[in-house]
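Below: the structure, in structure tokens.
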Amino acid sequence: MSKHSYASGFLALALMSSSSAIANNNDEDAIKRGKYVMDIGGCVSCHTDKKNKGQHLAGGVALPTPFGTFYTPNITSDEKYGIGAWTTEQFIEAMTQGVAPDGSHYFPAFPYTSYAKMKRQDLIDLKAYLNTVEAVAEPTPDHDVPFPFNIREGMIVWKELFFDDSPFSPDPSKSTMWNRGAYLVNGPSHCVECHTSRNFLGGLDRDNLLAGEPKSPEGEKIPSLLISDGSEFSNWSHADTIFSLQMGMTPKGDFLGGSMGKVVTNTTGKMTEEDLQAIATYLGKPVKKKSAGKRD
Amino acid sequence: MKKKSFKTKVLTLSAVITVSATTVVFAHGGAMGVIKERMDLMSAIGKNMKSVAAMVKGEVKFDPAAIESSAKSIAEHSTKVNDLFPKGSLDKPTEALPAIWEDWDRFTQLSKSLETETNKLAEVAASGDKRAVMMQFAKTGKICSTCHTDFRLKKD
């Protein structure tokens with residue numbers, strides 16, 4: 001869609017989407033699956049302004065970064081302020097390529113860098129769910145990002161440098177469970193986005209994936225999730241890992257708070273036991289086999 | 001005058017010694033006064049939560065009497081929380097956020113809920129109903145998480 005045809009394009013979109021929305025809405029299963037995709041993606045953490053009692057997925061959460069403050073958009077089904085007018089294809093393009101329907105590039109504060117790994121079916125289901133989210137006709141504030149980072153075209157260069165849009169490819173030498181965990185951690189649940197340091201341009205330090213971040217933009221210490229570096233996490237058992245993701249409680253008896261508190265509430269606390277086992281397995285804490293059957 | 005300043009020096013010196021000694025004894029990174037008191041309080045609560053969790057998780061034998069006593073201990077600790085957060089007490093190494101005093105009503109509401117829910121946990125434990133204990137434990141943990149999410153920032 002060319003940039004100078006907003007108005008007509010918008011109208012066309014609105015017309016197109018109303019028919020696709022009806023088709024999607026009929027699929028109860030897709031909506032149900034899509035709701036779970038929203039949970040494993042933790043959309044609520046950033047798109048619901050709980051602090052200011054904002055409505056479900058209506059955006060407006062301030063995200064401080066070294067480049068300025070971003071405000072998350074409204075992703076309700078509202079056709080003007082939300083994403084109700086988007087087609088499923090436009091939604092997939094936004095999620096996996098970081099490109100808005102008007103052709104502009106998103107800033108990577110929106111973790112499309114991880115969502116690019118998401119399966120097409122998960123994205124279709126997610127959109128089906130989002131179409132059912134009550135429309136909130138509420139605009140969100142403009143980003144407060146100074147020059148030169150406010151130039152969206154700069155994102156083209158950024159993407160060239162730091163964005164790998166290849167889809168998730170399972171490792172055939174590993175178990176199904178391990179691969180599910182790899183998918184969650186690197187894809188929808190986007191754990192890598194906070195548990196990895198960034199360079200001065202905000203690109204992830206992919207050589208040290210999941211090695212933690214000593215000081216997040218909010219001043220928070222984000223722990224390492226590696227099991228090889230003697231970090232606190234490296235001593236957690238499979239059960240400890242699952243329990244802390246479910247309940248927020250660490251083996252020490254402390255309760256996770258800060259940004260991880262939100263993740264436990266909105267994401268991992270809503271995951272199925274199997275998915276939590278998959279994450280623990282991928283992070284190097286495989287399920288212990290109680291009986292015989294020596295399989296590694 | 002001179003004597004006094006010598007005395008001050010001695011006092012300062014002994015204070016320094018006391019502080020360093022404290023640091024060695026309590027691993028709370030040089031916390032003093034009310035900051036240290038509340039960090040110790042939180043540790044004590046954590047310890048109790050940990051021992052209940054071990055039973056909920058099935059790592060240790062389910063012991064209703066032990067859970068009851070842990071729960072009562074947390075309930076008692078929770079009544080001290082508000083007093084240990086005097087306005088603006090943000091000295092290092094605290095992880096407390098100023099939001100506590102911006103939203104004091106909610107903060108005190110949470111400490112009150114902690115008391116209520118842990119008292120309930122003690123009651124449920126006394127009944128010996130394991131499933132009910134698990135549910136009530138989860139409810140209690142929710143309060144810890146909520147408070148830590150909104151009012152604490154891990155720096156270390």
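Numbering starts fresh at 1 for the residues of each chain in the structure tokens, the chains themselves are lettered A, B, ... in the order given, and ligands are numbered from 1 as they appear.
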
Note to self: Distance cut-off 10 Å, counting only C-alpha atoms - which residues of chain A neighbour chain B? Return them as an MDAnalysis selection string.
What the structure shows: chainID A and resid 51 214:216 218:223 239:240 243 246:265

Can I get the selection written as an mmCIF file, in the first residue's frame, with N, CA and C atoms?
```cif
data_model
loop_
_atom_site.group_PDB
_atom_site.id
_atom_site.type_symbol
_atom_site.label_atom_id
_atom_site.label_comp_id
_atom_site.auth_asym_id
_atom_site.auth_seq_id
_atom_site.Cartn_x
_atom_site.Cartn_y
_atom_site.Cartn_z
ATOM 1 N N LYS A 51 -1.737 -0.158 34.880
ATOM 2 C CA LYS A 51 -1.385 0.847 35.885
ATOM 3 C C LYS A 51 -2.394 1.991 35.923
ATOM 4 N N PRO A 214 22.524 -6.731 32.592
ATOM 5 C CA PRO A 214 22.792 -6.196 33.930
ATOM 6 C C PRO A 214 21.903 -5.011 34.305
ATOM 7 N N LYS A 215 21.518 -4.222 33.301
ATOM 8 C CA LYS A 215 20.681 -3.075 33.636
ATOM 9 C C LYS A 215 19.749 -2.730 32.493
ATOM 10 N N SER A 216 18.481 -3.035 32.681
ATOM 11 C CA SER A 216 17.491 -2.732 31.656
ATOM 12 C C SER A 216 17.228 -1.233 31.651
ATOM 13 N N GLU A 218 14.767 0.244 32.499
ATOM 14 C CA GLU A 218 14.069 0.603 33.733
ATOM 15 C C GLU A 218 14.968 0.464 34.960
ATOM 16 N N GLY A 219 16.238 0.101 34.726
ATOM 17 C CA GLY A 219 17.174 -0.032 35.845
ATOM 18 C C GLY A 219 17.104 -1.377 36.527
ATOM 19 N N GLU A 220 16.503 -2.324 35.855
ATOM 20 C CA GLU A 220 16.286 -3.634 36.448
ATOM 21 C C GLU A 220 17.377 -4.599 36.005
ATOM 22 N N LYS A 221 17.760 -5.480 36.905
ATOM 23 C CA LYS A 221 18.710 -6.514 36.502
ATOM 24 C C LYS A 221 17.938 -7.711 35.958
ATOM 25 N N ILE A 222 18.215 -8.062 34.709
ATOM 26 C CA ILE A 222 17.525 -9.195 34.093
ATOM 27 C C ILE A 222 18.486 -10.381 34.139
ATOM 28 N N PRO A 223 18.107 -11.443 34.839
ATOM 29 C CA PRO A 223 19.062 -12.540 35.037
ATOM 30 C C PRO A 223 19.347 -13.359 33.781
ATOM 31 N N ALA A 239 11.744 -28.778 38.121
ATOM 32 C CA ALA A 239 10.535 -28.444 38.892
ATOM 33 C C ALA A 239 10.584 -26.991 39.380
ATOM 34 N N ASP A 240 11.766 -26.538 39.819
ATOM 35 C CA ASP A 240 11.907 -25.145 40.271
ATOM 36 C C ASP A 240 11.533 -24.186 39.149
ATOM 37 N N PHE A 243 7.786 -24.246 38.493
ATOM 38 C CA PHE A 243 7.072 -23.621 39.614
ATOM 39 C C PHE A 243 7.209 -22.104 39.582
ATOM 40 N N GLN A 246 5.106 -20.683 36.832
ATOM 41 C CA GLN A 246 3.685 -20.813 37.107
ATOM 42 C C GLN A 246 3.224 -19.856 38.203
ATOM 43 N N MET A 247 3.983 -19.871 39.291
ATOM 44 C CA MET A 247 3.555 -19.176 40.501
ATOM 45 C C MET A 247 4.344 -17.908 40.763
ATOM 46 N N GLY A 248 5.491 -17.783 40.127
ATOM 47 C CA GLY A 248 6.329 -16.607 40.366
ATOM 48 C C GLY A 248 7.268 -16.785 41.539
ATOM 49 N N MET A 249 7.293 -17.994 42.135
ATOM 50 C CA MET A 249 8.136 -18.168 43.307
ATOM 51 C C MET A 249 9.470 -18.830 42.960
ATOM 52 N N THR A 250 10.551 -18.232 43.419
ATOM 53 C CA THR A 250 11.869 -18.791 43.148
ATOM 54 C C THR A 250 12.195 -19.854 44.211
ATOM 55 N N PRO A 251 13.201 -20.674 43.956
ATOM 56 C CA PRO A 251 13.547 -21.708 44.949
ATOM 57 C C PRO A 251 13.901 -21.123 46.317
ATOM 58 N N LYS A 252 14.309 -19.861 46.346
ATOM 59 C CA LYS A 252 14.650 -19.242 47.630
ATOM 60 C C LYS A 252 13.429 -18.834 48.438
ATOM 61 N N GLY A 253 12.275 -18.876 47.818
ATOM 62 C CA GLY A 253 11.067 -18.454 48.510
ATOM 63 C C GLY A 253 10.702 -17.019 48.193
ATOM 64 N N ASP A 254 11.496 -16.384 47.331
ATOM 65 C CA ASP A 254 11.198 -15.020 46.904
ATOM 66 C C ASP A 254 10.168 -15.091 45.775
ATOM 67 N N PHE A 255 9.459 -13.991 45.573
ATOM 68 C CA PHE A 255 8.504 -13.954 44.474
ATOM 69 C C PHE A 255 8.972 -12.973 43.421
ATOM 70 N N LEU A 256 8.973 -13.433 42.169
ATOM 71 C CA LEU A 256 9.419 -12.598 41.072
ATOM 72 C C LEU A 256 8.494 -11.403 40.936
ATOM 73 N N GLY A 257 9.095 -10.259 40.707
ATOM 74 C CA GLY A 257 8.284 -9.061 40.520
ATOM 75 C C GLY A 257 8.780 -8.315 39.315
ATOM 76 N N GLY A 258 8.641 -6.994 39.350
ATOM 77 C CA GLY A 258 9.099 -6.171 38.247
ATOM 78 C C GLY A 258 8.504 -6.639 36.935
ATOM 79 N N SER A 259 9.291 -6.574 35.871
ATOM 80 C CA SER A 259 8.748 -6.948 34.567
ATOM 81 C C SER A 259 8.428 -8.441 34.509
ATOM 82 N N MET A 260 9.200 -9.272 35.237
ATOM 83 C CA MET A 260 8.909 -10.709 35.210
ATOM 84 C C MET A 260 7.604 -11.014 35.944
ATOM 85 N N GLY A 261 7.261 -10.177 36.917
ATOM 86 C CA GLY A 261 5.980 -10.357 37.600
ATOM 87 C C GLY A 261 4.837 -10.287 36.590
ATOM 88 N N LYS A 262 4.964 -9.326 35.667
ATOM 89 C CA LYS A 262 3.940 -9.192 34.623
ATOM 90 C C LYS A 262 3.942 -10.404 33.709
ATOM 91 N N VAL A 263 5.147 -10.885 33.407
ATOM 92 C CA VAL A 263 5.252 -12.041 32.517
ATOM 93 C C VAL A 263 4.586 -13.264 33.165
ATOM 94 N N VAL A 264 4.809 -13.448 34.461
ATOM 95 C CA VAL A 264 4.197 -14.591 35.138
ATOM 96 C C VAL A 264 2.677 -14.451 35.129
ATOM 97 N N THR A 265 2.197 -13.244 35.430
ATOM 98 C CA THR A 265 0.750 -13.024 35.452
ATOM 99 C C THR A 265 0.120 -13.201 34.076
#
```

Next item on the list: Report the residues of chain B whose backbone DSSP state falls under alpha helix (DSSP H), written as an MDAnalysis selection string.
Entry: chainID B and resid 2:25 33:56 64:78 99:102 104:127 130:151

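The interatomic distance for the pair atom CA of Val81 of chain B and atom CA of Ala66 of chain B works out to 23.0 Å.
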
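In this structure, atom CA of Asp63 of chain B sits 20.3 Å away from atom CA of Glu76 of chain B.
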
Next item on the list: Using only C-alpha atoms, find the one residue out of B:Lys36, B:Lys72, B:His28, B:Lys61 that sits nearest to Lys120 of chain B.
Entry: B:Lys72

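Going from atom CA of Glu123 of chain B over to atom CA of Phe62 of chain B, you cover 15.3 Å.
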
Need to verify the contact set: Gly154 of chain A, 12 Å, only C-alpha atoms, exclusion of same-chain residues closer than 4 positions in sequence. Can you return it as a compact mmCIF listing (two decimals) with N, CA and C atoms, in the first residue's frame?
```
# COMPACT_ATOMS: atom_id res chain seq x y z
N SER A 104 4.87 1.86 6.75
CA SER A 104 5.91 2.38 7.64
C SER A 104 6.50 1.25 8.50
N HIS A 105 7.71 1.49 8.97
CA HIS A 105 8.41 0.46 9.74
C HIS A 105 8.23 0.66 11.24
N TYR A 106 8.00 -0.43 11.93
CA TYR A 106 7.89 -0.33 13.38
C TYR A 106 9.27 -0.25 14.01
N PHE A 107 9.29 0.36 15.19
CA PHE A 107 10.51 0.34 15.99
C PHE A 107 10.56 -1.01 16.69
N PRO A 108 11.77 -1.51 16.91
CA PRO A 108 11.85 -2.86 17.50
C PRO A 108 11.48 -2.93 18.99
N PHE A 147 15.15 13.00 17.69
CA PHE A 147 16.01 12.81 16.53
C PHE A 147 17.33 12.19 16.97
N PRO A 148 17.97 11.30 16.26
CA PRO A 148 17.57 10.82 14.92
C PRO A 148 16.74 9.54 14.96
N PHE A 149 16.46 9.06 16.18
CA PHE A 149 15.80 7.77 16.25
C PHE A 149 14.34 7.82 15.82
N ASN A 150 13.80 9.05 15.73
CA ASN A 150 12.39 9.17 15.35
C ASN A 150 12.18 8.95 13.86
N TRP A 158 18.39 -0.44 10.18
CA TRP A 158 18.43 -1.25 11.40
C TRP A 158 18.08 -2.70 11.08
N LYS A 159 17.03 -2.86 10.30
CA LYS A 159 16.59 -4.22 9.95
C LYS A 159 17.67 -4.97 9.19
N GLU A 160 18.31 -4.22 8.28
CA GLU A 160 19.38 -4.83 7.50
C GLU A 160 20.47 -5.38 8.43
N LEU A 161 20.74 -4.62 9.49
CA LEU A 161 21.81 -5.00 10.41
C LEU A 161 21.40 -6.09 11.40
N LEU A 201 22.91 0.25 19.37
CA LEU A 201 21.84 0.57 18.44
C LEU A 201 20.57 -0.23 18.75
```
